[in-house]
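S.K.: Hey, dropping my_file05.csv in here, CSV, C-alpha atoms and all ligand atoms:
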chain,number,residue,atom,x,y,z
A,26,MET,CA,99.0,179.2,129.7
A,27,THR,CA,102.2,177.3,129.1
A,28,THR,CA,101.9,173.7,128.2
A,29,THR,CA,105.2,171.9,128.3
A,30,LEU,CA,105.9,168.6,126.6
A,31,TRP,CA,108.6,167.0,128.9
A,32,LEU,CA,110.3,163.8,127.7
A,33,GLY,CA,113.4,161.8,128.5
A,34,ILE,CA,114.9,160.5,125.3
A,35,SER,CA,117.8,158.6,123.8
A,36,ALA,CA,120.2,160.5,121.5
A,37,ASN,CA,118.2,159.1,118.6
A,38,GLY,CA,114.8,160.3,119.9
A,39,MET,CA,113.4,157.2,121.5
A,40,ILE,CA,111.3,157.5,124.7
A,41,ALA,CA,111.1,153.7,125.4
A,42,ASP,CA,112.5,150.5,124.1
A,43,LYS,CA,110.5,148.1,122.0
A,44,ASN,CA,109.0,146.5,125.2
A,45,GLY,CA,108.0,149.9,126.5
A,46,GLU,CA,110.7,149.9,129.1
A,47,GLU,CA,112.8,153.0,130.0
A,48,ASP,CA,115.8,151.3,131.6
A,49,PHE,CA,118.2,153.1,129.2
A,50,LEU,CA,117.3,156.5,130.7
A,51,SER,CA,119.4,157.6,133.6
A,52,GLU,CA,118.1,158.0,137.2
A,53,GLU,CA,118.7,161.7,136.9
A,54,THR,CA,116.2,161.9,134.0
A,55,GLY,CA,113.5,160.6,136.4
A,56,GLU,CA,114.6,163.1,139.0
A,57,LEU,CA,114.4,166.0,136.5
A,58,PHE,CA,110.9,164.8,135.4
A,59,VAL,CA,109.7,164.8,139.0
A,60,GLN,CA,111.1,168.3,139.6
A,61,GLN,CA,109.3,169.6,136.4
A,62,VAL,CA,106.0,168.1,137.5
A,63,GLN,CA,106.4,169.5,141.1
A,64,LYS,CA,107.2,172.9,139.7
A,65,THR,CA,104.0,173.0,137.6
A,66,GLY,CA,101.9,171.1,140.2
A,67,CYS,CA,100.3,168.9,137.6
A,68,VAL,CA,100.9,166.4,134.9
A,69,ILE,CA,99.0,164.8,132.0
A,70,MET,CA,100.1,161.4,130.5
A,71,GLY,CA,98.6,158.6,128.4
A,72,LYS,CA,96.9,155.6,129.9
A,73,THR,CA,99.8,153.2,129.2
A,74,ALA,CA,102.3,155.6,130.9
A,75,TYR,CA,99.9,156.0,133.9
A,76,SER,CA,99.4,152.2,134.2
A,77,ARG,CA,103.2,151.7,134.1
A,78,ILE,CA,103.9,154.3,136.8
A,79,ASN,CA,101.2,152.9,139.1
A,80,LYS,CA,102.2,149.2,138.6
A,81,ASN,CA,106.0,149.2,138.1
A,82,LEU,CA,107.4,152.5,139.5
A,83,PRO,CA,106.4,152.9,143.1
A,84,GLY,CA,109.1,155.5,143.7
A,85,ARG,CA,107.8,157.7,140.8
A,86,LYS,CA,104.2,157.2,142.0
A,87,SER,CA,104.9,158.4,145.5
A,88,SER,CA,106.9,161.4,144.3
A,89,LEU,CA,103.8,162.6,142.4
A,90,GLN,CA,101.4,162.4,145.4
A,91,GLN,CA,101.0,166.1,145.9
A,92,VAL,CA,100.2,167.1,142.3
A,93,ASP,CA,97.1,167.0,140.1
A,94,LYS,CA,97.4,164.0,137.8
A,95,ILE,CA,95.4,163.2,134.7
A,96,PHE,CA,95.6,160.2,132.3
A,97,LEU,CA,94.1,160.3,128.8
A,98,SER,CA,91.7,157.5,127.8
A,99,LYS,CA,88.7,157.1,125.7
A,100,THR,CA,87.8,153.8,127.5
A,101,SER,CA,88.7,154.3,131.2
A,102,HIS,CA,86.9,156.9,133.2
A,103,GLN,CA,88.0,155.8,136.7
A,104,GLY,CA,91.5,156.4,137.9
A,105,ILE,CA,93.1,154.8,140.9
A,106,ASP,CA,94.0,156.9,144.0
A,107,GLU,CA,93.6,160.6,143.2
A,108,TRP,CA,94.2,160.2,139.4
A,109,LEU,CA,91.6,161.8,137.1
A,110,SER,CA,90.9,160.7,133.6
A,111,ALA,CA,90.1,162.8,130.5
A,112,GLY,CA,88.8,161.7,127.1
A,113,SER,CA,90.9,164.1,125.0
A,114,PRO,CA,93.9,166.4,125.3
A,115,GLN,CA,91.6,169.5,125.2
A,116,GLU,CA,89.5,168.2,128.0
A,117,SER,CA,92.6,167.4,130.2
A,118,ILE,CA,93.9,171.0,129.7
A,119,GLU,CA,90.5,172.5,130.5
A,120,MET,CA,90.3,170.3,133.7
A,121,LEU,CA,93.6,171.6,134.9
A,122,ALA,CA,92.8,175.2,133.9
A,123,SER,CA,89.6,175.0,135.9
A,124,ARG,CA,91.7,174.1,138.9
A,125,GLY,CA,93.8,177.2,138.5
A,126,HIS,CA,96.9,175.8,136.7
A,127,LYS,CA,98.6,178.2,134.3
A,128,ASN,CA,101.6,175.9,133.7
A,129,ILE,CA,101.0,172.3,132.7
A,130,THR,CA,103.4,169.4,132.2
A,131,VAL,CA,102.5,166.9,129.5
A,132,THR,CA,104.6,163.7,129.0
A,133,GLY,CA,104.3,160.6,126.9
A,134,GLY,CA,103.9,158.1,125.7
A,135,THR,CA,104.1,158.3,122.0
A,136,LYS,CA,100.4,158.4,121.3
A,137,THR,CA,99.8,161.1,123.9
A,138,ALA,CA,102.7,163.3,122.7
A,139,SER,CA,101.5,162.9,119.1
A,140,SER,CA,98.0,163.8,120.0
A,141,PHE,CA,99.0,167.0,121.8
A,142,LEU,CA,101.5,168.0,119.2
A,143,THR,CA,99.2,167.5,116.2
A,144,ALA,CA,96.4,169.4,118.0
A,145,ASN,CA,98.8,172.3,118.4
A,146,LEU,CA,98.4,172.2,122.2
A,147,ILE,CA,102.1,172.3,123.1
A,148,ASN,CA,103.9,175.6,123.3
A,149,GLU,CA,107.2,174.4,125.0
A,150,VAL,CA,109.2,171.2,124.5
A,151,VAL,CA,111.8,170.1,127.0
A,152,LEU,CA,114.0,167.0,126.1
A,153,ALA,CA,116.4,165.4,128.5
A,154,ILE,CA,118.8,163.7,126.0
A,155,ASN,CA,120.6,160.6,127.3
A,156,PRO,CA,123.9,159.4,125.9
A,157,VAL,CA,122.5,156.2,124.3
A,158,LEU,CA,121.3,155.0,120.9
A,159,ILE,CA,118.5,152.5,121.0
A,160,SER,CA,116.5,150.7,118.3
A,161,PRO,CA,113.8,149.7,117.8
A,162,GLY,CA,111.8,151.7,120.3
A,163,TYR,CA,109.0,154.2,120.8
A,164,PRO,CA,109.7,157.5,119.1
A,165,ILE,CA,108.5,160.9,120.4
A,166,CYS,CA,105.8,161.1,117.8
A,167,THR,CA,104.4,159.0,115.0
A,168,ASP,CA,102.0,161.3,113.3
A,169,GLU,CA,102.9,161.5,109.6
A,170,LYS,CA,101.4,165.0,109.2
A,171,LEU,CA,103.3,166.8,112.0
A,172,LEU,CA,105.6,169.7,111.2
A,173,ALA,CA,106.3,171.9,114.2
A,174,ASN,CA,109.1,174.4,114.0
A,175,LEU,CA,110.9,175.0,117.2
A,176,THR,CA,112.9,177.9,118.6
A,177,LEU,CA,115.9,177.0,120.8
A,178,MET,CA,115.6,178.7,124.2
A,179,SER,CA,118.2,177.0,126.4
A,180,VAL,CA,120.7,174.1,126.5
A,181,GLN,CA,121.9,172.9,129.9
A,182,ARG,CA,124.4,170.1,130.7
A,183,LYS,CA,123.4,168.1,133.7
A,184,SER,CA,126.1,165.5,134.4
A,185,ASN,CA,125.8,163.2,131.3
A,186,LEU,CA,122.5,164.6,130.1
A,187,ILE,CA,121.8,167.5,127.8
A,188,VAL,CA,118.5,169.3,128.6
A,189,VAL,CA,117.2,171.3,125.7
A,190,LYS,CA,114.2,173.7,125.9
A,191,TYR,CA,112.4,174.9,122.8
A,192,THR,CA,109.3,177.0,122.2
A,193,VAL,CA,107.0,175.9,119.4
A,194,SER,CA,107.3,178.8,116.9
A,195,ASN,CA,104.9,177.6,114.3
A,196,HIS,CA,102.9,174.6,113.5
A,197,ILE,CA,101.8,173.4,110.1
A,201,LIG,N1,110.7,158.7,128.2
A,201,LIG,C1,109.6,159.4,128.6
A,201,LIG,O1,109.7,160.6,128.9
A,201,LIG,C2,108.3,158.8,128.6
A,201,LIG,C3,107.2,159.4,129.2
A,201,LIG,C4,106.0,158.8,129.2
A,201,LIG,C5,105.8,157.5,128.7
A,201,LIG,N2,106.9,156.9,128.2
A,201,LIG,C6,106.7,155.5,127.6
A,201,LIG,O2,105.8,155.5,126.6
A,201,LIG,C7,105.3,154.2,126.4
A,201,LIG,C8,103.8,154.3,126.2
A,201,LIG,O3,103.5,155.0,125.0
A,201,LIG,P1,102.2,154.7,124.2
A,201,LIG,O4,102.1,155.5,123.0
A,201,LIG,O5,102.0,153.2,124.0
A,201,LIG,O6,101.0,155.0,125.2
A,201,LIG,P2,100.5,156.3,126.0
A,201,LIG,O7,100.5,157.5,125.1
A,201,LIG,O8,101.1,156.4,127.3
A,201,LIG,O9,99.0,155.8,126.3
A,201,LIG,C9,98.1,155.5,125.1
A,201,LIG,C10,96.7,155.5,125.6
A,201,LIG,O10,96.3,156.8,126.1
A,201,LIG,C11,95.1,157.1,125.6
A,201,LIG,N3,95.2,158.3,124.7
A,201,LIG,C12,96.3,158.7,124.0
A,201,LIG,N4,96.0,159.8,123.3
A,201,LIG,C13,94.7,160.0,123.5
A,201,LIG,C14,93.7,161.0,123.0
A,201,LIG,N5,94.1,161.9,122.1
A,201,LIG,N6,92.4,160.9,123.4
A,201,LIG,C15,92.0,160.0,124.3
A,201,LIG,N7,92.9,159.1,124.8
A,201,LIG,C16,94.2,159.1,124.4
A,201,LIG,C17,94.5,155.9,124.9
A,201,LIG,O11,93.9,155.1,125.9
A,201,LIG,P3,92.5,154.2,125.6
A,201,LIG,O12,93.0,153.2,124.7
A,201,LIG,O13,92.1,153.7,126.9
A,201,LIG,O14,91.6,155.2,124.9
A,201,LIG,C18,95.8,155.3,124.4
A,201,LIG,O15,95.6,153.9,124.1
A,201,LIG,C19,105.6,153.5,127.7
A,201,LIG,O16,106.5,152.5,127.4
A,201,LIG,C20,106.2,154.5,128.6
A,201,LIG,O17,107.2,154.0,129.4
A,201,LIG,C21,108.1,157.5,128.1
Reformat the file's structure so that it appears as structure tokens.
M.R.:
Amino acid sequence: MTTTLWLGISANGMIADKNGEEDFLSEETGELFVQQVQKTGCVIMGKTAYSRINKNLPGRKSSLQQVDKIFLSKTSHQGIDEWLSAGSPQESIEMLASRGHKNITVTGGTKTASSFLTANLINEVVLAINPVLISPGYPICTDEKLLANLTLMSVQRKSNLIVVKYTVSNHI
């Protein structure tokens, strides 16, 4: 099983601005995200990211129609359309594994990425780094106790983006 954390970020590691908007990320970042999700056939995200896609990003929503989609929530058990909900990162992975998925895409937001990383459930991290610095904003992760060492696997330039892929080599 490969569980990939896929995030579009600023050059200083922000995934959203202070209002939760991602306007500073390029259109190509969104296209690469959709390609990744379509490749794995599934995606897990937090309830805030799920709500944002379904309310504010109709293009992104329709491009995810054919994939298994799960949002994390301890409080909401009913998703709209074909979205499923899971009460924990472990449960979401088990749900997708039971549907036959061997490769899983996890994305943000911050709370979700932090939960997966600190539970040591991520074995690959892909970051699409945009040429912008932004502050304040939402970082990749906020857990004070996290230390995950990464091994660099590849670096690709895609127009003005740098896409880096790491495996998680050890986790303390
Ligand atoms: N740049 C990127 O690649 C990217 C990707 C995704 C999202 N984002 C941005 O991230 C921002 C949102 O980040 P966020 O941290 O506020 O929210 P989030 O992670 O999207 O969602 C947080 C909610 O998800 C649920 N959740 C998270 N971890 C959980 C766990 N371990 N167990 C059960 N439920 C869990 C909780 O819902 P309940 O309160 O209902 O329990 C929590 O309140 C948005 O602005 C979005 O645009 C950026």
S.K.: Write as an MDAnalysis selection string the residues around ligand LIG 201 (chain A), taking 9 Å as the cut-off and counting only C-alpha atoms and all ligand atoms.
M.R.: chainID A and resid 31:35 39:47 50 54:55 58 70:78 96:102 111:115 131:141 144 152:153 162:166
S.K.: If you count only C-alpha atoms, which residues fall within 10 Å of Glu56 of chain A, apart from same-chain ones fewer than 5 positions away, as a PyMOL selection string?
M.R.: chain A and resi 51+61+85+88
S.K.: Which residues come within 9 Å of Leu109 of chain A, counting all atoms listed in the file, excluding same-chain residues fewer than 4 positions away, as a PyMOL selection string?
M.R.: chain A and resi 93-97+102-105+117
S.K.: Would you output that residue set with C-alpha atoms, as a JSON list (two decimals), in the frame of the given file?
M.R.:
[["chain", "number", "residue", "atom", "x", "y", "z"],
["A", 93, "ASP", "CA", 97.10, 167.00, 140.10],
["A", 94, "LYS", "CA", 97.40, 164.00, 137.80],
["A", 95, "ILE", "CA", 95.40, 163.20, 134.70],
["A", 96, "PHE", "CA", 95.60, 160.20, 132.30],
["A", 97, "LEU", "CA", 94.10, 160.30, 128.80],
["A", 102, "HIS", "CA", 86.90, 156.90, 133.20],
["A", 103, "GLN", "CA", 88.00, 155.80, 136.70],
["A", 104, "GLY", "CA", 91.50, 156.40, 137.90],
["A", 105, "ILE", "CA", 93.10, 154.80, 140.90],
["A", 117, "SER", "CA", 92.60, 167.40, 130.20]]
S.K.: Tell me which protein, DNA and RNA residues are within 12 Å of Asn174 of chain A, counting all atoms listed in the file, leaving out same-chain ones fewer than 3 positions away, and put them as a list in words.
M.R.: Leu142, Asn145, Ile147, Asn148, Glu149, Val150, Leu171, Leu177, Tyr191, Thr192, Val193, Ser194, Asn195, His196 and Ile197 of chain A
S.K.: Please, what distance in Å, to one decimal, runs between atom CA of Leu146 of chain A and atom CA of Leu89 of chain A?
M.R.: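 Atom-to-atom, atom CA of Leu146 of chain A and atom CA of Leu89 of chain A are spaced 23.0 Å apart.
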S.K.: Restricting the calculation to all atoms listed in the file, which member of A:Lys183, A:Asn79, A:His126, A:Glu119 is positioned closest to Val92 of chain A?
M.R.: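 Of all the options, A:His126 lies closest to Val92 of chain A.
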S.K.: Counting all atoms listed in the file, which of A:Ile118, A:Gln91, A:Lys86, A:Thr143 gets nearest to Lys170 of chain A?
M.R.: A:Thr143
S.K.: By how many Å are atom CA of Thr27 of chain A and atom CA of Gln63 of chain A apart?
M.R.: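 Atom-to-atom, atom CA of Thr27 of chain A and atom CA of Gln63 of chain A are spaced 14.9 Å apart.
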S.K.: To one decimal place in Å, what is the distance between atom CA of Lys64 of chain A and atom CA of Lys190 of chain A?
M.R.: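 One can read the atom CA of Lys64 of chain A to atom CA of Lys190 of chain A distance as 15.5 Å.
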S.K.: Considering all atoms listed in the file, state which residue in the set A:Leu57, A:Leu186, A:Met26, A:Ala36 is at the smallest distance from Ser160 of chain A.
M.R.: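 The closest residue to Ser160 of chain A is A:Ala36.
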S.K.: Which residue out of A:Val151, A:Asp168, A:Val59, A:Pro161 has the minimum interatomic distance to Gln181 of chain A when all atoms listed in the file are used?
M.R.: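 The answer is A:Val151, which sits nearest to Gln181 of chain A.
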S.K.: Restricting the calculation to only C-alpha atoms: of A:Asn37, A:Ser87, A:Asn128, A:Asn81, which residue gets closest to Gly66 of chain A?
M.R.: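 Ranking A:Asn37, A:Ser87, A:Asn128, A:Asn81 by distance to Gly66 of chain A, first place goes to A:Asn128.
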S.K.: Complete segment 81-100 of chain A at the level of N, CA and C atoms, written as a CSV table (one decimal), keeping the file's coordinate frame.
M.R.:
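Result written to out-v1.csv:
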chain,number,residue,atom,x,y,z
A,81,ASN,N,104.5,149.6,138.1
A,81,ASN,CA,106.0,149.2,138.1
A,81,ASN,C,106.9,150.2,138.7
A,82,LEU,N,106.5,151.5,139.0
A,82,LEU,CA,107.4,152.5,139.5
A,82,LEU,C,106.9,153.1,140.8
A,83,PRO,N,106.9,152.4,141.9
A,83,PRO,CA,106.4,152.9,143.1
A,83,PRO,C,107.0,154.2,143.6
A,84,GLY,N,108.3,154.3,143.3
A,84,GLY,CA,109.1,155.5,143.7
A,84,GLY,C,108.5,156.8,143.0
A,85,ARG,N,108.3,156.6,141.7
A,85,ARG,CA,107.8,157.7,140.8
A,85,ARG,C,106.4,158.0,141.3
A,86,LYS,N,105.6,157.0,141.5
A,86,LYS,CA,104.2,157.2,142.0
A,86,LYS,C,104.1,158.0,143.2
A,87,SER,N,105.0,157.7,144.2
A,87,SER,CA,104.9,158.4,145.5
A,87,SER,C,105.4,159.8,145.4
A,88,SER,N,106.3,160.1,144.4
A,88,SER,CA,106.9,161.4,144.3
A,88,SER,C,105.9,162.3,143.6
A,89,LEU,N,104.8,161.8,143.0
A,89,LEU,CA,103.8,162.6,142.4
A,89,LEU,C,102.5,162.8,143.2
A,90,GLN,N,102.6,162.4,144.5
A,90,GLN,CA,101.4,162.4,145.4
A,90,GLN,C,100.7,163.8,145.5
A,91,GLN,N,101.6,164.8,145.5
A,91,GLN,CA,101.0,166.1,145.9
A,91,GLN,C,100.5,166.9,144.6
A,92,VAL,N,100.5,166.3,143.5
A,92,VAL,CA,100.2,167.1,142.3
A,92,VAL,C,98.9,166.6,141.6
A,93,ASP,N,98.3,167.5,140.8
A,93,ASP,CA,97.1,167.0,140.1
A,93,ASP,C,97.6,166.2,138.9
A,94,LYS,N,97.0,165.0,138.8
A,94,LYS,CA,97.4,164.0,137.8
A,94,LYS,C,96.3,163.6,136.9
A,95,ILE,N,96.4,163.6,135.6
A,95,ILE,CA,95.4,163.2,134.7
A,95,ILE,C,96.0,162.2,133.7
A,96,PHE,N,95.2,161.1,133.4
A,96,PHE,CA,95.6,160.2,132.3
A,96,PHE,C,94.6,160.3,131.2
A,97,LEU,N,95.0,160.2,130.0
A,97,LEU,CA,94.1,160.3,128.8
A,97,LEU,C,93.6,158.9,128.5
A,98,SER,N,92.3,158.8,128.3
A,98,SER,CA,91.7,157.5,127.8
A,98,SER,C,90.3,157.8,127.3
A,99,LYS,N,90.0,157.0,126.2
A,99,LYS,CA,88.7,157.1,125.7
A,99,LYS,C,87.8,156.0,126.3
A,100,THR,N,88.5,155.0,127.0
A,100,THR,CA,87.8,153.8,127.5
A,100,THR,C,87.7,153.8,129.0
